[in-house]
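Visitor: I have a structure here, written as structure tokens, and I will follow up with some questions on it.
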Amino acid sequence: MRQPMTSICACLLIAGMSSACKNFTPVDKFAGQTVAITEVFKPMLTHSMSSCTNNVRRNSIITDRPYVAQETEQDLLRRCKDYAAQLAGTAELNDVLKRYAEVLAALANDKLANYKEEIGALGGSLGALQQSGGTAPVLDADQLDKVTRLSALISQIVTQQRQQSGINELLAREDDIYIISNALKKYAQQNYQANLHDESLTLASLNRSLDNAAAREPVTSNYLKAKLYLDGRQLQERGKVIDAYLAAMTELQNSLSTLRAKSMQDPALERQLDTFAKQVDTLQKQAANYSPSPW
């Protein structure tokens, strides 16, 4: 006897997926948009490192007399070393979110056997994450343990080849995804925003130095002022990336909550995933407008 349509829809609720339910298109859509966010975040980390190194180079080029390139490079490596370690932890956190979404997509399309991503050990870099301007870790011990357990679960699901129950288990880890996404949002709001502020202050200071040197070296001063102006324009674009990233991450969280609460065929879920997709599209377009100019 055929199941009534209402029963088929009901079985797709996250609380009770059955083996007869195979329509995981909403899960695939959610996973794809989540991967897209993690891909945008990678260059944001690169740009953050450029903030540190470019600031050192700018100061040396404009204010050091004489300017010694080798000494400047050694100085920036020393001054940016701790920040590079912090970025490594943030990148690892972003990678956990990406792996989570990739495995969800593979499960939704019943292609888990083709997923070959290795799940590395976690803990060291993540535990070293620090809040901007403080010493308290971004992830406390309990949060770090949950994220590490989530990564272990992803690896376990990859090896066990469980489509339906795997989706069920991953969507149920909503709290863990909130820990990761909130930490990444905090990075964008605090560290990334702080970089913009520091660079803006540096640009203003260096412009004043160039004003003082304009009479002695007009051509050089004008060239460097033009370069600083373009850097300032890029900083404005980076600020817009932060807003777009925060909005997209908020919709990621809303979409995961809706996936757990609604039937896979519920129009409310489709509308939420459409909103998520629009925010990710806005983020991708805004991120494409920024490319740091090296010094």
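Numbering starts fresh at 1 for the residues of each chain in the structure tokens, the chains themselves are lettered A, B, ... in the order given, and ligands are numbered from 1 as they appear.
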Could you build a table of the residues in stretch 204-271 of chain A lying no more than 9 Å from stretch 41-65 of chain A, giving for each the nearest pair of atoms and their separation in Å rounded to one decimal place, using only C-alpha atoms, ordered by chain and ascending residue number, as CSV?
Guide:
residue,atom,partner,partner_atom,distance
A:Leu206,CA,A:Ile62,CA,7.1
A:Ser209,CA,A:Thr63,CA,7.6
A:Leu210,CA,A:Ile62,CA,7.6
A:Ser221,CA,A:Ile62,CA,8.9
A:Leu224,CA,A:Ile62,CA,8.1
A:Arg238,CA,A:Met44,CA,8.7
A:Val241,CA,A:Met44,CA,8.7
A:Tyr245,CA,A:Phe41,CA,8.3
Visitor: Set the distance at 12 Å and use only C-alpha atoms: which residues neighbour A:Gln236 once local chain neighbours fewer than 3 positions away are removed? I'd like the list as a VMD selection string.
Guide: chain A and resid 193 196 to 197 199 to 200 229 to 233 239 to 243 286 to 287 289 to 292
Visitor: Which residues are close to A:Asp176, i.e. within 10 Å by only C-alpha atoms, leaving aside same-chain residues fewer than 3 positions away? Reply as a ChimeraX atom specification.
Guide: /A:97,143-150,170-173,179-182
Visitor: Check the smallest atom-to-atom distance from each of A:Ala105, A:Gln253, A:Asp198, A:Asn23 to A:Ile177 using only C-alpha atoms, then report the winner.
Guide: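 Closest to A:Ile177 of all the choices is A:Gln253.
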Visitor: Applying 10 Å and only C-alpha atoms, which residues near A:Tyr187 remain after dropping the ones on its own chain fewer than 2 positions away? List them as number ranges by chain.
Guide: A: 45, 87, 90, 129-132, 138, 181-185, 189-194, 242
Visitor: Selected residues, N, CA, C and O atoms, written as a compact mmCIF listing (two decimals), in the first residue's frame, please.
Guide:
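The resulting file, again-v4.txt, is shown below:
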# COMPACT_ATOMS: atom_id res chain seq x y z
N LEU A 45 41.32 36.20 5.20
CA LEU A 45 42.47 35.93 6.07
C LEU A 45 43.77 36.40 5.42
O LEU A 45 44.64 36.96 6.09
N LEU A 87 45.98 33.64 12.76
CA LEU A 87 45.23 33.43 11.51
C LEU A 87 45.18 31.96 11.14
O LEU A 87 44.19 31.49 10.57
N THR A 90 42.31 30.48 12.96
CA THR A 90 41.05 30.91 12.36
C THR A 90 40.79 30.16 11.06
O THR A 90 39.66 29.77 10.77
N LEU A 129 43.67 30.55 19.48
CA LEU A 129 42.96 31.73 19.00
C LEU A 129 42.73 32.71 20.14
O LEU A 129 42.28 32.34 21.22
N GLN A 130 43.06 33.98 19.89
CA GLN A 130 42.89 35.01 20.91
C GLN A 130 41.97 36.09 20.40
O GLN A 130 41.95 36.40 19.22
N GLN A 131 41.22 36.68 21.30
CA GLN A 131 40.40 37.81 20.92
C GLN A 131 41.30 39.01 20.68
O GLN A 131 42.36 39.14 21.27
N SER A 132 40.85 39.89 19.78
CA SER A 132 41.62 41.07 19.46
C SER A 132 41.80 41.95 20.69
O SER A 132 40.85 42.31 21.37
N VAL A 138 39.21 32.69 22.02
CA VAL A 138 37.93 32.81 21.34
C VAL A 138 37.04 31.60 21.65
O VAL A 138 35.83 31.73 21.81
N SER A 181 30.43 29.35 13.70
CA SER A 181 30.01 30.53 12.94
C SER A 181 30.08 31.80 13.79
O SER A 181 30.46 32.87 13.29
N ASN A 182 29.74 31.71 15.07
CA ASN A 182 29.86 32.88 15.94
C ASN A 182 31.31 33.30 16.14
O ASN A 182 31.62 34.49 16.21
N ALA A 183 32.21 32.32 16.23
CA ALA A 183 33.63 32.65 16.37
C ALA A 183 34.15 33.33 15.11
O ALA A 183 34.94 34.29 15.19
N LEU A 184 33.71 32.86 13.94
CA LEU A 184 34.14 33.48 12.68
C LEU A 184 33.54 34.88 12.53
O LEU A 184 34.20 35.81 12.04
N LYS A 185 32.30 35.04 12.96
CA LYS A 185 31.69 36.37 12.94
C LYS A 185 32.43 37.32 13.89
O LYS A 185 32.64 38.50 13.57
N GLN A 189 34.19 40.89 13.07
CA GLN A 189 33.79 42.10 13.77
C GLN A 189 34.93 42.73 14.55
O GLN A 189 35.03 43.96 14.65
N GLN A 190 35.80 41.90 15.13
CA GLN A 190 36.85 42.42 15.99
C GLN A 190 38.20 42.51 15.28
O GLN A 190 38.70 43.60 15.02
N ASN A 191 38.77 41.37 14.94
CA ASN A 191 40.12 41.39 14.36
C ASN A 191 40.16 42.07 13.00
O ASN A 191 41.00 42.95 12.76
N TYR A 192 39.28 41.66 12.11
CA TYR A 192 39.30 42.21 10.76
C TYR A 192 38.98 43.70 10.78
O TYR A 192 39.63 44.50 10.10
N GLN A 193 37.99 44.08 11.59
CA GLN A 193 37.63 45.49 11.71
C GLN A 193 38.76 46.28 12.34
O GLN A 193 39.04 47.43 11.95
N ALA A 194 39.45 45.69 13.32
CA ALA A 194 40.57 46.36 13.96
C ALA A 194 41.71 46.61 12.96
O ALA A 194 42.38 47.65 13.02
N ILE A 242 32.89 43.05 5.39
CA ILE A 242 32.55 42.63 6.75
C ILE A 242 31.04 42.58 6.93
O ILE A 242 30.48 41.59 7.43
Visitor: Rank nothing, just name the residue among A:Thr220, A:Asp142, A:Val40, A:Lys111 nearest to A:Ala248, using only C-alpha atoms.
Guide: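 So, comparing all the options, the nearest one is A:Val40.
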Visitor: Rounded to one decimal, what separation in Å do you get between atom CA of A:Thr72 and atom CA of A:Lys225?
Guide: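 That distance, rounded to one decimal, is 20.5 Å.
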Visitor: Interatomic distance between atom CA of A:Lys29 and atom CA of A:Gln163?
Guide: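 Rounded to one decimal, the two atoms are 16.1 Å apart.
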Visitor: Check the DSSP output for the backbone and give back, as a PyMOL selection string, the residues of stretch 132-255 of chain A in alpha helix (DSSP H).
Guide: chain A and resi 141-160+163-171+174-187+193-213+218-255
Visitor: Which residue out of A:Ala244, A:Trp295, A:Lys98, A:Val35 has the minimum interatomic distance to A:Ala69 when only C-alpha atoms are used?
Guide: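 Ranked by minimum distance to A:Ala69, first place goes to A:Trp295.
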Visitor: Check the smallest atom-to-atom distance from each of A:Leu104, A:Ala214, A:Ala88, A:Leu139 to A:Glu169 using only C-alpha atoms, then report the winner.
Guide: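 For A:Glu169, the nearest of the given residues is A:Leu104.
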Visitor: One decimal, in Å: what's the spacing between atom CA of A:Thr282 and atom CA of A:Gly32?
Guide: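 The value is 15.2 Å.
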